[in-house]
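A.B. asks: Sending over my_file36.cif (mmCIF, C-alpha atoms).
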```
data_work
loop_
_atom_site.group_PDB
_atom_site.id
_atom_site.type_symbol
_atom_site.label_atom_id
_atom_site.label_comp_id
_atom_site.auth_asym_id
_atom_site.auth_seq_id
_atom_site.Cartn_x
_atom_site.Cartn_y
_atom_site.Cartn_z
ATOM 1 C CA MET A 1 15.814 21.574 25.483
ATOM 2 C CA SER A 2 16.250 21.568 29.221
ATOM 3 C CA ALA A 3 18.397 22.400 32.208
ATOM 4 C CA GLY A 4 18.256 20.879 35.642
ATOM 5 C CA PRO A 5 19.708 20.773 39.149
ATOM 6 C CA SER A 6 23.440 20.274 39.477
ATOM 7 C CA ASN A 7 23.254 17.697 42.279
ATOM 8 C CA SER A 8 22.271 14.603 40.354
ATOM 9 C CA ASP A 9 23.876 12.018 38.104
ATOM 10 C CA ARG A 10 21.774 13.289 35.243
ATOM 11 C CA ALA A 11 23.097 16.813 35.766
ATOM 12 C CA SER A 12 26.681 15.539 35.520
ATOM 13 C CA LYS A 13 25.860 14.296 32.030
ATOM 14 C CA VAL A 14 24.782 17.818 31.070
ATOM 15 C CA SER A 15 27.692 19.623 32.708
ATOM 16 C CA LEU A 16 31.006 17.916 33.402
ATOM 17 C CA LEU A 17 31.573 20.477 36.173
ATOM 18 C CA LYS A 18 28.166 19.628 37.724
ATOM 19 C CA LYS A 19 27.299 23.328 37.727
ATOM 20 C CA VAL A 20 24.489 25.481 36.413
ATOM 21 C CA PRO A 21 23.725 26.991 34.028
ATOM 22 C CA ALA A 22 23.854 24.026 31.695
ATOM 23 C CA LEU A 23 21.918 23.261 28.534
ATOM 24 C CA LYS A 24 20.811 19.996 26.936
ATOM 25 C CA ASP A 25 19.516 20.154 23.384
ATOM 26 C CA GLY A 26 18.808 16.613 22.238
ATOM 27 C CA ASP A 27 22.128 14.790 22.543
ATOM 28 C CA PHE A 28 24.081 18.046 22.642
ATOM 29 C CA THR A 29 25.119 19.479 25.999
ATOM 30 C CA LEU A 30 26.707 22.818 26.802
ATOM 31 C CA ALA A 31 27.889 24.624 29.925
ATOM 32 C CA GLU A 32 28.850 28.234 30.730
ATOM 33 C CA CYS A 33 26.315 31.042 30.421
ATOM 34 C CA THR A 34 28.048 33.001 27.654
ATOM 35 C CA ALA A 35 28.456 29.936 25.454
ATOM 36 C CA ILE A 36 24.779 29.076 26.012
ATOM 37 C CA LEU A 37 23.630 32.589 25.079
ATOM 38 C CA LEU A 38 25.688 32.541 21.884
ATOM 39 C CA TYR A 39 24.429 29.074 20.956
ATOM 40 C CA LEU A 40 20.788 30.065 21.455
ATOM 41 C CA SER A 41 21.195 33.298 19.483
ATOM 42 C CA ARG A 42 22.628 31.361 16.542
ATOM 43 C CA LYS A 43 20.247 28.413 16.648
ATOM 44 C CA TYR A 44 17.053 30.467 16.815
ATOM 45 C CA ASN A 45 18.103 33.160 14.361
ATOM 46 C CA THR A 46 17.466 35.951 16.846
ATOM 47 C CA PRO A 47 17.307 39.586 15.701
ATOM 48 C CA ASP A 48 20.700 40.693 14.444
ATOM 49 C CA HIS A 49 21.299 43.303 17.147
ATOM 50 C CA TRP A 50 21.763 40.629 19.847
ATOM 51 C CA TYR A 51 24.906 39.216 18.225
ATOM 52 C CA PRO A 52 25.466 41.238 15.049
ATOM 53 C CA SER A 53 26.458 39.731 11.729
ATOM 54 C CA ASP A 54 28.598 42.815 11.109
ATOM 55 C CA ILE A 55 32.084 41.545 11.957
ATOM 56 C CA GLN A 56 33.205 44.687 13.782
ATOM 57 C CA LYS A 57 30.052 44.993 15.872
ATOM 58 C CA ARG A 58 30.295 41.298 16.734
ATOM 59 C CA ALA A 59 33.911 41.815 17.726
ATOM 60 C CA ARG A 60 32.788 44.558 20.131
ATOM 61 C CA VAL A 61 30.377 42.118 21.780
ATOM 62 C CA ASP A 62 33.175 39.556 22.033
ATOM 63 C CA GLU A 63 35.518 42.198 23.434
ATOM 64 C CA TYR A 64 33.104 43.065 26.210
ATOM 65 C CA LEU A 65 32.364 39.420 27.048
ATOM 66 C CA SER A 66 36.102 38.723 27.338
ATOM 67 C CA TRP A 67 36.613 41.713 29.654
ATOM 68 C CA HIS A 68 33.499 41.012 31.697
ATOM 69 C CA HIS A 69 34.639 37.772 33.326
ATOM 70 C CA ALA A 70 37.738 39.210 34.971
ATOM 71 C CA ASN A 71 36.089 42.474 35.992
ATOM 72 C CA ILE A 72 32.326 42.875 36.525
ATOM 73 C CA ARG A 73 31.730 39.164 37.068
ATOM 74 C CA ALA A 74 34.771 38.863 39.316
ATOM 75 C CA ASN A 75 33.446 41.543 41.666
ATOM 76 C CA ALA A 76 29.670 42.079 41.539
ATOM 77 C CA PRO A 77 28.510 38.601 42.704
ATOM 78 C CA LYS A 78 30.854 38.747 45.703
ATOM 79 C CA THR A 79 28.614 41.367 47.298
ATOM 80 C CA MET A 80 25.845 38.781 47.539
ATOM 81 C CA TRP A 81 28.167 36.178 49.030
ATOM 82 C CA ILE A 82 29.625 38.573 51.589
ATOM 83 C CA LYS A 83 26.433 40.347 52.669
ATOM 84 C CA LEU A 84 24.058 37.378 52.636
ATOM 85 C CA LEU A 85 25.118 33.893 51.586
ATOM 86 C CA ILE A 86 28.298 33.380 53.615
ATOM 87 C CA PRO A 87 26.777 34.757 56.868
ATOM 88 C CA LEU A 88 23.714 32.593 56.231
ATOM 89 C CA ILE A 89 25.789 29.434 55.794
ATOM 90 C CA THR A 90 28.466 30.073 58.413
ATOM 91 C CA GLY A 91 26.312 31.863 60.975
ATOM 92 C CA GLN A 92 28.963 34.564 61.227
ATOM 93 C CA PRO A 93 28.860 38.089 59.807
ATOM 94 C CA LEU A 94 31.963 39.006 57.867
ATOM 95 C CA PRO A 95 34.207 41.944 58.793
ATOM 96 C CA ALA A 96 33.163 45.221 57.183
ATOM 97 C CA GLU A 97 36.613 45.414 55.570
ATOM 98 C CA LYS A 98 35.776 42.432 53.383
ATOM 99 C CA LEU A 99 32.779 44.181 51.849
ATOM 100 C CA GLN A 100 34.775 47.395 51.500
ATOM 101 C CA GLU A 101 37.512 45.520 49.649
ATOM 102 C CA VAL A 102 35.026 43.978 47.240
ATOM 103 C CA MET A 103 33.203 47.275 46.691
ATOM 104 C CA GLU A 104 36.474 49.022 45.846
ATOM 105 C CA GLY A 105 37.175 46.380 43.201
ATOM 106 C CA LEU A 106 33.632 46.707 41.865
ATOM 107 C CA PHE A 107 33.816 50.516 41.742
ATOM 108 C CA ALA A 108 37.057 50.295 39.744
ATOM 109 C CA SER A 109 35.349 47.913 37.297
ATOM 110 C CA LEU A 110 32.316 50.209 37.011
ATOM 111 C CA LYS A 111 34.574 53.149 36.218
ATOM 112 C CA GLN A 112 36.170 51.178 33.391
ATOM 113 C CA PHE A 113 32.751 49.961 32.238
ATOM 114 C CA GLU A 114 31.428 53.511 31.930
ATOM 115 C CA GLU A 115 34.557 55.052 30.417
ATOM 116 C CA ARG A 116 35.680 52.230 28.141
ATOM 117 C CA PHE A 117 32.451 50.586 27.048
ATOM 118 C CA LEU A 118 29.449 52.841 27.625
ATOM 119 C CA GLN A 119 31.106 56.178 26.872
ATOM 120 C CA ASP A 120 28.341 58.305 25.346
ATOM 121 C CA LYS A 121 26.546 55.391 23.662
ATOM 122 C CA ALA A 122 23.053 54.134 24.402
ATOM 123 C CA PHE A 123 24.280 50.561 24.798
ATOM 124 C CA ILE A 124 27.632 48.824 25.057
ATOM 125 C CA ILE A 125 28.252 48.420 21.341
ATOM 126 C CA GLY A 126 26.210 51.335 20.026
ATOM 127 C CA SER A 127 22.619 52.364 19.514
ATOM 128 C CA GLU A 128 21.063 48.890 19.945
ATOM 129 C CA ILE A 129 21.016 46.417 22.801
ATOM 130 C CA SER A 130 23.159 43.286 22.472
ATOM 131 C CA LEU A 131 24.100 40.177 24.413
ATOM 132 C CA ALA A 132 26.853 42.251 26.023
ATOM 133 C CA ASP A 133 24.227 44.384 27.787
ATOM 134 C CA LEU A 134 22.302 41.320 28.988
ATOM 135 C CA VAL A 135 25.422 39.706 30.436
ATOM 136 C CA ALA A 136 26.401 42.962 32.153
ATOM 137 C CA ILE A 137 23.033 43.830 33.667
ATOM 138 C CA VAL A 138 22.404 40.456 35.313
ATOM 139 C CA GLU A 139 25.676 40.745 37.228
ATOM 140 C CA LEU A 140 25.089 44.367 38.188
ATOM 141 C CA MET A 141 21.659 43.623 39.619
ATOM 142 C CA GLN A 142 23.177 41.258 42.176
ATOM 143 C CA PRO A 143 24.588 43.995 44.450
ATOM 144 C CA VAL A 144 21.220 45.771 44.234
ATOM 145 C CA GLY A 145 19.522 42.667 45.620
ATOM 146 C CA VAL A 146 21.554 42.864 48.832
ATOM 147 C CA GLY A 147 21.197 46.599 49.330
ATOM 148 C CA CYS A 148 24.249 47.914 47.462
ATOM 149 C CA ASP A 149 22.691 50.316 44.957
ATOM 150 C CA ILE A 150 25.585 50.737 42.555
ATOM 151 C CA PHE A 151 23.407 52.838 40.221
ATOM 152 C CA GLU A 152 23.004 55.592 42.803
ATOM 153 C CA ASP A 153 25.113 58.671 41.995
ATOM 154 C CA ARG A 154 26.049 57.167 38.616
ATOM 155 C CA PRO A 155 23.661 58.876 36.181
ATOM 156 C CA ARG A 156 25.267 57.396 33.072
ATOM 157 C CA LEU A 157 25.053 53.870 34.459
ATOM 158 C CA LEU A 158 21.474 54.405 35.665
ATOM 159 C CA ALA A 159 20.395 55.787 32.274
ATOM 160 C CA TRP A 160 21.902 52.696 30.602
ATOM 161 C CA ARG A 161 20.051 50.395 32.994
ATOM 162 C CA ARG A 162 16.761 52.118 32.193
ATOM 163 C CA ARG A 163 17.397 51.769 28.458
ATOM 164 C CA VAL A 164 18.061 48.046 28.965
ATOM 165 C CA GLU A 165 14.795 47.748 30.908
ATOM 166 C CA ASP A 166 12.903 49.495 28.108
ATOM 167 C CA ALA A 167 14.559 47.431 25.369
ATOM 168 C CA VAL A 168 13.815 44.127 27.106
ATOM 169 C CA GLY A 169 10.436 45.249 28.426
ATOM 170 C CA LYS A 170 10.024 46.287 32.054
ATOM 171 C CA GLU A 171 7.765 43.381 32.984
ATOM 172 C CA LEU A 172 10.155 40.805 31.544
ATOM 173 C CA PHE A 173 13.163 42.609 33.039
ATOM 174 C CA PHE A 174 11.807 42.482 36.581
ATOM 175 C CA GLN A 175 10.497 38.962 36.110
ATOM 176 C CA ALA A 176 13.993 37.852 35.093
ATOM 177 C CA HIS A 177 15.554 39.553 38.115
ATOM 178 C CA GLU A 178 12.800 38.761 40.625
ATOM 179 C CA MET A 179 14.851 36.167 42.496
ATOM 180 C CA LEU A 180 17.856 38.502 42.745
ATOM 181 C CA LEU A 181 15.776 41.413 43.964
ATOM 182 C CA ASN A 182 14.147 39.230 46.626
ATOM 183 C CA ILE A 183 17.300 37.372 47.596
ATOM 184 C CA LYS A 184 17.206 38.730 51.158
ATOM 185 C CA GLU A 185 14.279 36.395 51.820
ATOM 186 C CA LEU A 186 16.856 33.597 51.913
ATOM 187 C CA SER A 187 17.933 34.863 55.326
ATOM 188 C CA ASN A 188 14.845 33.141 56.741
ATOM 189 C CA ILE A 189 15.611 29.653 55.429
ATOM 190 C CA GLN A 190 17.193 26.864 57.469
ATOM 191 C CA ILE A 191 20.453 25.379 56.164
ATOM 192 C CA ASP A 192 21.119 21.687 56.744
ATOM 193 C CA PRO A 193 23.634 21.446 59.644
ATOM 194 C CA GLN A 194 25.813 18.913 57.794
ATOM 195 C CA LEU A 195 25.960 21.166 54.757
ATOM 196 C CA LYS A 196 26.923 24.085 56.991
ATOM 197 C CA GLU A 197 29.661 22.038 58.600
ATOM 198 C CA HIS A 198 31.024 21.052 55.202
ATOM 199 C CA LEU A 199 30.865 24.484 53.574
ATOM 200 C CA THR A 200 31.915 26.800 56.394
ATOM 201 C CA PRO A 201 35.680 26.078 56.371
ATOM 202 C CA LEU A 202 35.741 26.209 52.577
ATOM 203 C CA LEU A 203 34.002 29.574 52.462
ATOM 204 C CA MET A 204 36.128 31.104 55.198
ATOM 205 C CA LYS A 205 39.299 29.894 53.497
ATOM 206 C CA MET A 206 38.134 31.362 50.216
ATOM 207 C CA LEU A 207 37.850 34.810 51.768
ATOM 208 C CA LYS A 208 41.238 34.886 53.498
#
```
Please rewrite the model in this file as structure tokens.
C.D. replies:
Amino acid sequence: MSAGPSNSDRASKVSLLKKVPALKDGDFTLAECTAILLYLSRKYNTPDHWYPSDIQKRARVDEYLSWHHANIRANAPKTMWIKLLIPLITGQPLPAEKLQEVMEGLFASLKQFEERFLQDKAFIIGSEISLADLVAIVELMQPVGVGCDIFEDRPRLLAWRRRVEDAVGKELFFQAHEMLLNIKELSNIQIDPQLKEHLTPLLMKMLK
């Protein structure tokens, strides 16, 4: 089973969209992170709490995953693009209003996340960690990597994050998020001028 770069002919055979993540398992290929997580949990008979066999608990995981894409995922990664990646590629810092706009959308999503999903539970679907928590935490660590500590002044959210760390194992948790937490080091890399020229108008248009 393998995954590879998205800029090769071989990668296009794994993912029709030529994007990562993508999975190749023998002759079977699969794209999209949620689909890959669900496939792996089923194939390798992972502990039941990740994607419960109980139909109602499983439905709660599915409910969160459906909500996640249009809310947390739609907002959290934008902080990284606005604070680091777009200025790095275009050579131009973005107006502060752009970050403020994104943060307002993210804060609204976090409010819903805490009130609708976390409530007074240890994890999203109850007393045990599930795939829903994994999908949520990886998005929410992205703002942290660029200096937007969304856990500050949110004790319920911070307590949940710490429970996720403990459930996964702190060493594995920080190993998995090492690249995100050190993402600012990218500011020192040199971007190919032709790539900059190609991407800059696309990125600026995207943010209008």
A.B. asks: Which residues are near range 46-62 of chain A? Cut-off 6 Å, only C-alpha atoms, ignore same chain within fewer than 4 positions. Put them as an MDAnalysis selection string.
C.D. replies: chainID A and resid 41 130:132
A.B. asks: Grab the residues selected above and save them as a PDB file, keeping the file's coordinate frame with C-alpha atoms.
C.D. replies:
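Just written: out32.pdb:
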```pdb
ATOM      1  CA  SER A  41      21.195  33.298  19.483  1.00  0.00           C
ATOM      2  CA  SER A 130      23.159  43.286  22.472  1.00  0.00           C
ATOM      3  CA  LEU A 131      24.100  40.177  24.413  1.00  0.00           C
ATOM      4  CA  ALA A 132      26.853  42.251  26.023  1.00  0.00           C
TER       5      ALA A 132
END
```
A.B. asks: Please provide the set of residues having any atom within 12 Å of Arg162 in chain A, restricted to all atoms listed in the file, with same-chain residues fewer than 5 positions apart removed, written as a PDB file with C-alpha atoms, keeping the file's coordinate frame.
C.D. replies:
```
ATOM      1  CA  ALA A 122      23.053  54.134  24.402  1.00  0.00           C
ATOM      2  CA  PHE A 123      24.280  50.561  24.798  1.00  0.00           C
ATOM      3  CA  ILE A 129      21.016  46.417  22.801  1.00  0.00           C
ATOM      4  CA  ASP A 133      24.227  44.384  27.787  1.00  0.00           C
ATOM      5  CA  ILE A 137      23.033  43.830  33.667  1.00  0.00           C
ATOM      6  CA  PHE A 151      23.407  52.838  40.221  1.00  0.00           C
ATOM      7  CA  PRO A 155      23.661  58.876  36.181  1.00  0.00           C
ATOM      8  CA  ARG A 156      25.267  57.396  33.072  1.00  0.00           C
ATOM      9  CA  LEU A 157      25.053  53.870  34.459  1.00  0.00           C
ATOM     10  CA  ALA A 167      14.559  47.431  25.369  1.00  0.00           C
ATOM     11  CA  VAL A 168      13.815  44.127  27.106  1.00  0.00           C
ATOM     12  CA  GLY A 169      10.436  45.249  28.426  1.00  0.00           C
ATOM     13  CA  LYS A 170      10.024  46.287  32.054  1.00  0.00           C
ATOM     14  CA  PHE A 173      13.163  42.609  33.039  1.00  0.00           C
ATOM     15  CA  PHE A 174      11.807  42.482  36.581  1.00  0.00           C
TER      16      PHE A 174
END
```
A.B. asks: Distance CA of Gly26 in chain A-CA of Asn45 in chain A, one decimal place?
C.D. replies: 18.3 Å
A.B. asks: Using the chain letters and residue numbers of this document, give as a list in words the residues selected by the PyMOL selection byres ((chain A and resi 99-111) around 7).
C.D. replies: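 Applied to this file, the PyMOL selection byres ((chain A and resi 99-111) around 7) returns Asn71, Ile72, Asn75, Ala76, Lys78, Thr79, Ile82, Ala96, Glu97, Lys98, Gln112, Phe113, Glu114 and Glu115 of chain A.
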A.B. asks: From the options A:Leu88, A:Leu199, A:Val164, A:Leu23, which residue's atoms come nearest to Val138 in chain A, counting all atoms listed in the file?
C.D. replies: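 Under the stated criterion, the closest residue is A:Val164.
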A.B. asks: Mind giving me the straight-line distance from CA of Val144 in chain A to CA of Ile125 in chain A in Å, one decimal?
C.D. replies: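 Those two atoms sit 24.1 Å apart.
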A.B. asks: Record the distance separating CA of Phe117 in chain A and CA of Ala136 in chain A, expressed in Å with one decimal.
C.D. replies: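 Separation between CA of Phe117 in chain A and CA of Ala136 in chain A: 11.0 Å.
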A.B. asks: What's the 12 Å shell around Asn188 in chain A, counting only C-alpha atoms, without same-chain residues fewer than 3 positions away, as a PyMOL selection string?
C.D. replies: chain A and resi 84-85+88-89+182-185+191
A.B. asks: With only C-alpha atoms as the basis for distance, which of A:Gly91, A:Asp153, A:Glu171, A:Asp120 is at the shortest distance from Gln190 in chain A?
C.D. replies: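 Result for the nearest residue to Gln190 in chain A: A:Gly91.
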